[in-house]
$ cat my_file_32.cif   # mmCIF, N, CA and C atoms
data_protein
#
loop_
_atom_site.label_atom_id
_atom_site.label_comp_id
_atom_site.auth_asym_id
_atom_site.auth_seq_id
_atom_site.Cartn_x
_atom_site.Cartn_y
_atom_site.Cartn_z
N GLY A 26 0.13 16.19 8.69
CA GLY A 26 -0.68 15.91 9.80
C GLY A 26 -0.91 14.43 10.06
N GLY A 27 -1.84 13.83 9.30
CA GLY A 27 -2.23 12.45 9.55
C GLY A 27 -1.11 11.47 9.34
N ALA A 28 -0.26 11.72 8.32
CA ALA A 28 0.88 10.83 8.08
C ALA A 28 1.84 10.86 9.26
N GLY A 29 2.00 12.04 9.87
CA GLY A 29 2.86 12.17 11.04
C GLY A 29 2.31 11.45 12.25
N VAL A 30 0.99 11.50 12.41
CA VAL A 30 0.35 10.80 13.53
C VAL A 30 0.60 9.31 13.40
N VAL A 31 0.32 8.77 12.23
CA VAL A 31 0.50 7.32 12.01
C VAL A 31 1.97 6.95 12.05
N GLY A 32 2.80 7.70 11.31
CA GLY A 32 4.23 7.40 11.27
C GLY A 32 4.89 7.50 12.62
N GLY A 33 4.55 8.54 13.38
CA GLY A 33 5.16 8.73 14.70
C GLY A 33 4.74 7.65 15.68
N ALA A 34 3.46 7.39 15.75
CA ALA A 34 2.96 6.41 16.73
C ALA A 34 3.36 4.99 16.35
N VAL A 35 3.03 4.59 15.15
CA VAL A 35 3.30 3.21 14.73
C VAL A 35 4.79 2.99 14.52
N GLY A 36 5.46 3.94 13.87
CA GLY A 36 6.90 3.80 13.65
C GLY A 36 7.67 3.64 14.94
N THR A 37 7.32 4.44 15.95
CA THR A 37 7.99 4.34 17.24
C THR A 37 7.62 3.05 17.95
N MET A 38 6.37 2.68 17.89
CA MET A 38 5.91 1.48 18.58
C MET A 38 6.63 0.23 18.08
N VAL A 39 6.83 0.13 16.77
CA VAL A 39 7.43 -1.09 16.22
C VAL A 39 8.90 -0.92 15.87
N GLY A 40 9.45 0.28 16.06
CA GLY A 40 10.88 0.48 15.88
C GLY A 40 11.33 0.60 14.45
N VAL A 41 10.48 1.09 13.57
CA VAL A 41 10.90 1.35 12.19
C VAL A 41 10.92 2.85 11.97
N GLY A 42 11.70 3.28 11.01
CA GLY A 42 11.66 4.70 10.67
C GLY A 42 10.27 5.06 10.19
N GLY A 43 9.76 6.15 10.66
CA GLY A 43 8.42 6.58 10.25
C GLY A 43 8.29 6.78 8.76
N GLY A 44 9.41 6.94 8.06
CA GLY A 44 9.38 7.14 6.61
C GLY A 44 8.77 5.98 5.87
N ILE A 45 8.93 4.78 6.39
CA ILE A 45 8.33 3.61 5.76
C ILE A 45 6.81 3.75 5.74
N ILE A 46 6.30 4.49 6.70
CA ILE A 46 4.86 4.70 6.79
C ILE A 46 4.45 6.02 6.13
N THR A 47 5.18 7.10 6.44
CA THR A 47 4.75 8.41 5.96
C THR A 47 4.96 8.63 4.48
N ILE A 48 6.06 8.12 3.92
CA ILE A 48 6.32 8.37 2.49
C ILE A 48 5.20 7.80 1.61
N PRO A 49 4.79 6.55 1.80
CA PRO A 49 3.68 6.07 0.95
C PRO A 49 2.38 6.87 1.13
N ILE A 50 2.10 7.31 2.36
CA ILE A 50 0.89 8.10 2.60
C ILE A 50 1.00 9.44 1.87
N LEU A 51 2.13 10.12 2.02
CA LEU A 51 2.31 11.40 1.36
C LEU A 51 2.34 11.25 -0.17
N ARG A 52 2.94 10.18 -0.62
CA ARG A 52 3.01 9.92 -2.07
C ARG A 52 1.61 9.76 -2.66
N GLU A 53 0.75 9.12 -1.92
CA GLU A 53 -0.62 8.86 -2.39
C GLU A 53 -1.47 10.12 -2.40
N PHE A 54 -1.28 11.00 -1.42
CA PHE A 54 -2.20 12.12 -1.26
C PHE A 54 -1.62 13.49 -1.57
N THR A 55 -0.38 13.56 -2.05
CA THR A 55 0.22 14.84 -2.44
C THR A 55 0.88 14.69 -3.80
N SER A 56 1.30 15.80 -4.34
CA SER A 56 2.03 15.77 -5.62
C SER A 56 3.51 16.09 -5.40
N VAL A 57 3.98 15.93 -4.18
CA VAL A 57 5.38 16.23 -3.84
C VAL A 57 6.28 15.20 -4.51
N PRO A 58 7.36 15.65 -5.18
CA PRO A 58 8.28 14.71 -5.83
C PRO A 58 8.96 13.78 -4.81
N GLN A 59 9.33 12.59 -5.26
CA GLN A 59 9.92 11.57 -4.39
C GLN A 59 11.15 12.07 -3.65
N ARG A 60 12.02 12.80 -4.33
CA ARG A 60 13.25 13.30 -3.70
C ARG A 60 12.90 14.19 -2.51
N MET A 61 11.91 15.06 -2.66
CA MET A 61 11.50 15.94 -1.57
C MET A 61 10.78 15.15 -0.47
N LEU A 62 10.00 14.14 -0.84
CA LEU A 62 9.36 13.29 0.16
C LEU A 62 10.40 12.62 1.05
N SER A 63 11.44 12.09 0.42
CA SER A 63 12.50 11.41 1.18
C SER A 63 13.18 12.38 2.14
N ALA A 64 13.53 13.55 1.63
CA ALA A 64 14.22 14.54 2.48
C ALA A 64 13.31 15.02 3.60
N THR A 65 12.05 15.30 3.28
CA THR A 65 11.09 15.76 4.28
C THR A 65 10.89 14.71 5.36
N SER A 66 10.77 13.48 4.94
CA SER A 66 10.58 12.38 5.88
C SER A 66 11.78 12.24 6.81
N LEU A 67 12.98 12.36 6.27
CA LEU A 67 14.19 12.24 7.10
C LEU A 67 14.25 13.33 8.17
N VAL A 68 13.89 14.55 7.80
CA VAL A 68 13.89 15.64 8.78
C VAL A 68 12.86 15.35 9.87
N ALA A 69 11.68 14.92 9.47
CA ALA A 69 10.62 14.62 10.45
C ALA A 69 11.00 13.43 11.33
N VAL A 70 11.55 12.39 10.74
CA VAL A 70 11.91 11.19 11.49
C VAL A 70 13.05 11.48 12.47
N ALA A 71 13.98 12.36 12.09
CA ALA A 71 15.07 12.71 13.01
C ALA A 71 14.51 13.32 14.29
N SER A 72 13.53 14.20 14.15
CA SER A 72 12.90 14.81 15.33
C SER A 72 12.20 13.76 16.17
N THR A 73 11.46 12.89 15.52
CA THR A 73 10.73 11.83 16.22
C THR A 73 11.71 10.88 16.92
N ALA A 74 12.81 10.58 16.25
CA ALA A 74 13.80 9.66 16.82
C ALA A 74 14.40 10.22 18.10
N VAL A 75 14.66 11.50 18.13
CA VAL A 75 15.21 12.12 19.34
C VAL A 75 14.24 11.98 20.50
N VAL A 76 12.98 12.30 20.26
CA VAL A 76 11.97 12.25 21.32
C VAL A 76 11.74 10.81 21.78
N SER A 77 11.47 9.91 20.83
CA SER A 77 11.17 8.53 21.21
C SER A 77 12.42 7.82 21.74
N GLY A 78 13.58 8.09 21.15
CA GLY A 78 14.81 7.49 21.64
C GLY A 78 15.11 7.89 23.07
N THR A 79 14.90 9.15 23.39
CA THR A 79 15.10 9.63 24.75
C THR A 79 14.18 8.90 25.73
N ALA A 80 12.94 8.70 25.32
CA ALA A 80 11.98 7.99 26.18
C ALA A 80 12.42 6.54 26.40
N PHE A 81 12.88 5.88 25.35
CA PHE A 81 13.34 4.49 25.50
C PHE A 81 14.58 4.41 26.38
N VAL A 82 15.52 5.32 26.22
CA VAL A 82 16.73 5.34 27.06
C VAL A 82 16.35 5.61 28.51
N ALA A 83 15.46 6.57 28.74
CA ALA A 83 15.04 6.91 30.10
C ALA A 83 14.38 5.72 30.80
N ASN A 84 13.74 4.86 30.04
CA ASN A 84 13.09 3.68 30.61
C ASN A 84 13.97 2.43 30.51
N ASP A 85 15.26 2.63 30.22
CA ASP A 85 16.25 1.55 30.15
C ASP A 85 15.82 0.45 29.17
N LYS A 86 15.30 0.86 28.02
CA LYS A 86 14.83 -0.10 27.02
C LYS A 86 15.69 -0.10 25.76
N ALA A 87 16.79 0.62 25.74
CA ALA A 87 17.64 0.71 24.56
C ALA A 87 18.99 0.08 24.83
N ASP A 88 19.50 -0.65 23.88
CA ASP A 88 20.85 -1.22 23.95
C ASP A 88 21.79 -0.17 23.34
N LEU A 89 22.42 0.60 24.20
CA LEU A 89 23.22 1.74 23.74
C LEU A 89 24.46 1.34 22.97
N VAL A 90 25.03 0.17 23.26
CA VAL A 90 26.20 -0.29 22.51
C VAL A 90 25.80 -0.59 21.07
N ARG A 91 24.73 -1.34 20.89
CA ARG A 91 24.26 -1.64 19.53
C ARG A 91 23.79 -0.37 18.83
N ALA A 92 23.10 0.49 19.55
CA ALA A 92 22.64 1.75 18.96
C ALA A 92 23.83 2.58 18.47
N SER A 93 24.90 2.60 19.23
CA SER A 93 26.10 3.36 18.83
C SER A 93 26.73 2.77 17.58
N THR A 94 26.80 1.46 17.51
CA THR A 94 27.37 0.79 16.34
C THR A 94 26.53 1.10 15.09
N ILE A 95 25.23 0.98 15.23
CA ILE A 95 24.34 1.28 14.11
C ILE A 95 24.47 2.74 13.70
N THR A 96 24.55 3.63 14.68
CA THR A 96 24.66 5.06 14.40
C THR A 96 25.93 5.37 13.64
N LEU A 97 27.05 4.81 14.07
CA LEU A 97 28.32 5.08 13.38
C LEU A 97 28.27 4.63 11.93
N ALA A 98 27.77 3.42 11.70
CA ALA A 98 27.67 2.92 10.32
C ALA A 98 26.70 3.78 9.51
N SER A 99 25.59 4.15 10.12
CA SER A 99 24.60 4.97 9.43
C SER A 99 25.16 6.34 9.06
N LEU A 100 25.92 6.94 9.96
CA LEU A 100 26.50 8.25 9.67
C LEU A 100 27.45 8.19 8.47
N VAL A 101 28.23 7.14 8.39
CA VAL A 101 29.16 7.00 7.27
C VAL A 101 28.41 6.77 5.97
N PHE A 102 27.48 5.82 5.97
CA PHE A 102 26.83 5.43 4.73
C PHE A 102 25.67 6.32 4.33
N SER A 103 25.15 7.13 5.24
CA SER A 103 24.04 8.02 4.87
C SER A 103 24.49 9.08 3.87
N ARG A 104 25.73 9.49 3.92
CA ARG A 104 26.24 10.45 2.93
C ARG A 104 26.22 9.83 1.53
N ILE A 105 26.56 8.56 1.47
CA ILE A 105 26.53 7.87 0.17
C ILE A 105 25.10 7.82 -0.35
N GLY A 106 24.16 7.48 0.53
CA GLY A 106 22.76 7.42 0.14
C GLY A 106 22.23 8.78 -0.28
N ALA A 107 22.64 9.83 0.43
CA ALA A 107 22.18 11.18 0.09
C ALA A 107 22.71 11.58 -1.28
N ARG A 108 23.97 11.28 -1.55
CA ARG A 108 24.53 11.59 -2.87
C ARG A 108 23.78 10.85 -3.97
N ALA A 109 23.50 9.58 -3.72
CA ALA A 109 22.77 8.78 -4.72
C ALA A 109 21.38 9.37 -4.94
N ALA A 110 20.72 9.80 -3.87
CA ALA A 110 19.38 10.36 -3.99
C ALA A 110 19.38 11.65 -4.81
N HIS A 111 20.47 12.41 -4.74
CA HIS A 111 20.55 13.66 -5.51
C HIS A 111 20.73 13.40 -7.00
N THR A 112 21.31 12.28 -7.36
CA THR A 112 21.60 12.03 -8.77
C THR A 112 20.65 11.02 -9.42
N MET A 113 19.98 10.23 -8.63
CA MET A 113 19.09 9.19 -9.15
C MET A 113 17.80 9.80 -9.69
N PRO A 114 17.29 9.28 -10.79
CA PRO A 114 16.00 9.77 -11.30
C PRO A 114 14.88 9.44 -10.31
N GLU A 115 13.81 10.24 -10.35
CA GLU A 115 12.65 10.04 -9.46
C GLU A 115 12.15 8.60 -9.51
N ARG A 116 12.07 8.07 -10.69
CA ARG A 116 11.57 6.69 -10.85
C ARG A 116 12.47 5.69 -10.12
N GLY A 117 13.78 5.92 -10.17
CA GLY A 117 14.73 5.06 -9.46
C GLY A 117 14.57 5.16 -7.96
N LEU A 118 14.31 6.37 -7.46
CA LEU A 118 14.09 6.55 -6.02
C LEU A 118 12.83 5.82 -5.58
N ARG A 119 11.76 5.92 -6.38
CA ARG A 119 10.53 5.21 -6.03
C ARG A 119 10.76 3.70 -6.03
N ALA A 120 11.52 3.23 -7.01
CA ALA A 120 11.82 1.79 -7.08
C ALA A 120 12.67 1.35 -5.89
N ALA A 121 13.64 2.18 -5.50
CA ALA A 121 14.49 1.85 -4.35
C ALA A 121 13.67 1.80 -3.07
N LEU A 122 12.74 2.73 -2.90
CA LEU A 122 11.86 2.73 -1.73
C LEU A 122 11.00 1.47 -1.72
N GLY A 123 10.42 1.15 -2.87
CA GLY A 123 9.59 -0.05 -2.96
C GLY A 123 10.38 -1.31 -2.66
N ALA A 124 11.60 -1.40 -3.19
CA ALA A 124 12.44 -2.57 -2.94
C ALA A 124 12.81 -2.67 -1.46
N ALA A 125 13.14 -1.54 -0.84
CA ALA A 125 13.49 -1.55 0.59
C ALA A 125 12.30 -2.00 1.42
N MET A 126 11.13 -1.53 1.07
CA MET A 126 9.93 -1.93 1.81
C MET A 126 9.63 -3.41 1.61
N MET A 127 9.74 -3.88 0.38
CA MET A 127 9.46 -5.29 0.10
C MET A 127 10.47 -6.20 0.81
N LEU A 128 11.72 -5.80 0.84
CA LEU A 128 12.75 -6.62 1.48
C LEU A 128 12.64 -6.61 3.00
N SER A 129 12.11 -5.52 3.56
CA SER A 129 12.05 -5.43 5.02
C SER A 129 10.84 -6.15 5.61
N VAL A 130 9.80 -6.36 4.84
CA VAL A 130 8.57 -6.96 5.36
C VAL A 130 8.73 -8.43 5.74
N PRO A 131 9.31 -9.28 4.90
CA PRO A 131 9.30 -10.71 5.22
C PRO A 131 10.07 -11.12 6.46
N VAL A 132 11.12 -10.42 6.80
CA VAL A 132 11.97 -10.88 7.90
C VAL A 132 11.20 -11.00 9.21
N PRO A 133 10.56 -9.93 9.73
CA PRO A 133 9.84 -10.12 11.00
C PRO A 133 8.59 -10.98 10.85
N ALA A 134 7.97 -10.95 9.67
CA ALA A 134 6.73 -11.73 9.49
C ALA A 134 7.02 -13.23 9.42
N TRP A 135 8.04 -13.60 8.67
CA TRP A 135 8.33 -15.03 8.47
C TRP A 135 9.29 -15.60 9.49
N PHE A 136 10.12 -14.75 10.09
CA PHE A 136 11.12 -15.20 11.05
C PHE A 136 11.02 -14.38 12.32
N PRO A 137 9.95 -14.57 13.11
CA PRO A 137 9.73 -13.72 14.29
C PRO A 137 10.84 -13.79 15.33
N HIS A 138 11.63 -14.84 15.31
CA HIS A 138 12.73 -14.95 16.28
C HIS A 138 14.06 -14.58 15.67
N GLY A 139 14.04 -14.09 14.44
CA GLY A 139 15.26 -13.66 13.77
C GLY A 139 15.76 -14.69 12.78
N PHE A 140 15.96 -14.26 11.55
CA PHE A 140 16.43 -15.15 10.49
C PHE A 140 17.80 -15.73 10.81
N PHE A 141 18.75 -14.87 11.19
CA PHE A 141 20.11 -15.33 11.41
C PHE A 141 20.21 -16.18 12.68
N ARG A 142 19.43 -15.85 13.69
CA ARG A 142 19.45 -16.63 14.92
C ARG A 142 18.96 -18.05 14.63
N ILE A 143 17.91 -18.16 13.83
CA ILE A 143 17.39 -19.49 13.47
C ILE A 143 18.42 -20.25 12.66
N ARG A 144 19.02 -19.58 11.69
CA ARG A 144 20.02 -20.24 10.83
C ARG A 144 21.22 -20.71 11.65
N LEU A 145 21.71 -19.85 12.55
CA LEU A 145 22.87 -20.22 13.34
C LEU A 145 22.56 -21.38 14.29
N SER A 146 21.41 -21.34 14.93
CA SER A 146 21.10 -22.38 15.90
C SER A 146 20.87 -23.72 15.20
N THR A 147 20.29 -23.72 14.00
CA THR A 147 20.09 -25.00 13.31
C THR A 147 21.40 -25.51 12.73
N SER A 148 22.28 -24.62 12.29
CA SER A 148 23.55 -25.09 11.74
C SER A 148 24.51 -25.55 12.84
N MET A 149 24.36 -25.04 14.03
CA MET A 149 25.22 -25.45 15.14
C MET A 149 24.90 -26.86 15.61
N HIS A 150 23.66 -27.31 15.37
CA HIS A 150 23.25 -28.64 15.81
C HIS A 150 23.48 -29.69 14.73
N SER A 151 23.97 -29.28 13.56
CA SER A 151 24.16 -30.23 12.46
C SER A 151 25.45 -31.00 12.64
#
$ encode --input "my_file_32.cif" --output "structure tokens"
Amino acid sequence: GGAGVVGGAVGTMVGVGGGIITIPILREFTSVPQRMLSATSLVAVASTAVVSGTAFVANDKADLVRASTITLASLVFSRIGARAAHTMPERGLRAALGAAMMLSVPVPAWFPHGFFRIRLSTSMHS
């Protein structure tokens, strides 16, 4: 319930997978194992992505070429991630989630105009 409300609204608003929001909430307030949390979150986020993605496309706010490129790469590599999730110990999955969250936070906070864009523009003027 509540994790879906927050994950759906905030995740869609800022363009992150709701799992970044819902998994920590569910982890804190349930006894569901990490592997099941990840799978449950993916099923829920897929539904949310269809609804919110459709709204963004209908309002001409999505770059469909980039979305297609990301989708193709994600489809190929998601099988690898799923296989790893099936064999990795629970503790490893929790650590991987924590690392992904820690690595994703600094980029928009510290480089609001994009890390690579800043790097390229400063190196081009050197």
$ closest_residue --input "my_file_32.cif" --among "A:Val90, A:Val130, A:Val101, A:Ile48" --to "A:Ala69" --atoms "only C-alpha atoms"
A:Ile48
$ atom_distance --input "my_file_32.cif" --atom1 "atom CA of A:Gly44" --atom2 "atom N of A:Ser77"
14.6 Å
$ residues_around --input "my_file_32.cif" --residues "A:Ala64" --least-positions-apart "6" --cutoff "10 Å" --atoms "only C-alpha atoms" --output "list in words"
Gly44, Val70, Ala107 and Ala110 of chain A
$ atom_distance --input "my_file_32.cif" --atom1 "atom CA of A:Ile95" --atom2 "atom C of A:Leu128"
18.0 Å
$ atom_distance --input "my_file_32.cif" --atom1 "atom CA of A:Arg108" --atom2 "atom CA of A:Ala71"
18.5 Å
$ axis_aligned_box --input "my_file_32.cif" --around "stretch 122-125 of chain A" --padding-each-side "4 Å" --output "lines of an AutoDock Vina configuration file"
center_x = 11.5
center_y = 0.0
center_z = -0.9
size_x = 11.9
size_y = 13.4
size_z = 12.6
$ resolve_selection --input "my_file_32.cif" --expression "the PyMOL selection byres (((chain A and resi 122 and name CA) around 10) and name CA)" --output "list in words"
Gly44, Ile45, Ile48, Pro49, Gln59, Ser63, Arg116, Gly117, Leu118, Arg119, Ala120, Ala121, Gly123, Ala124, Ala125, Met126, Met127 and Leu128 of chain A
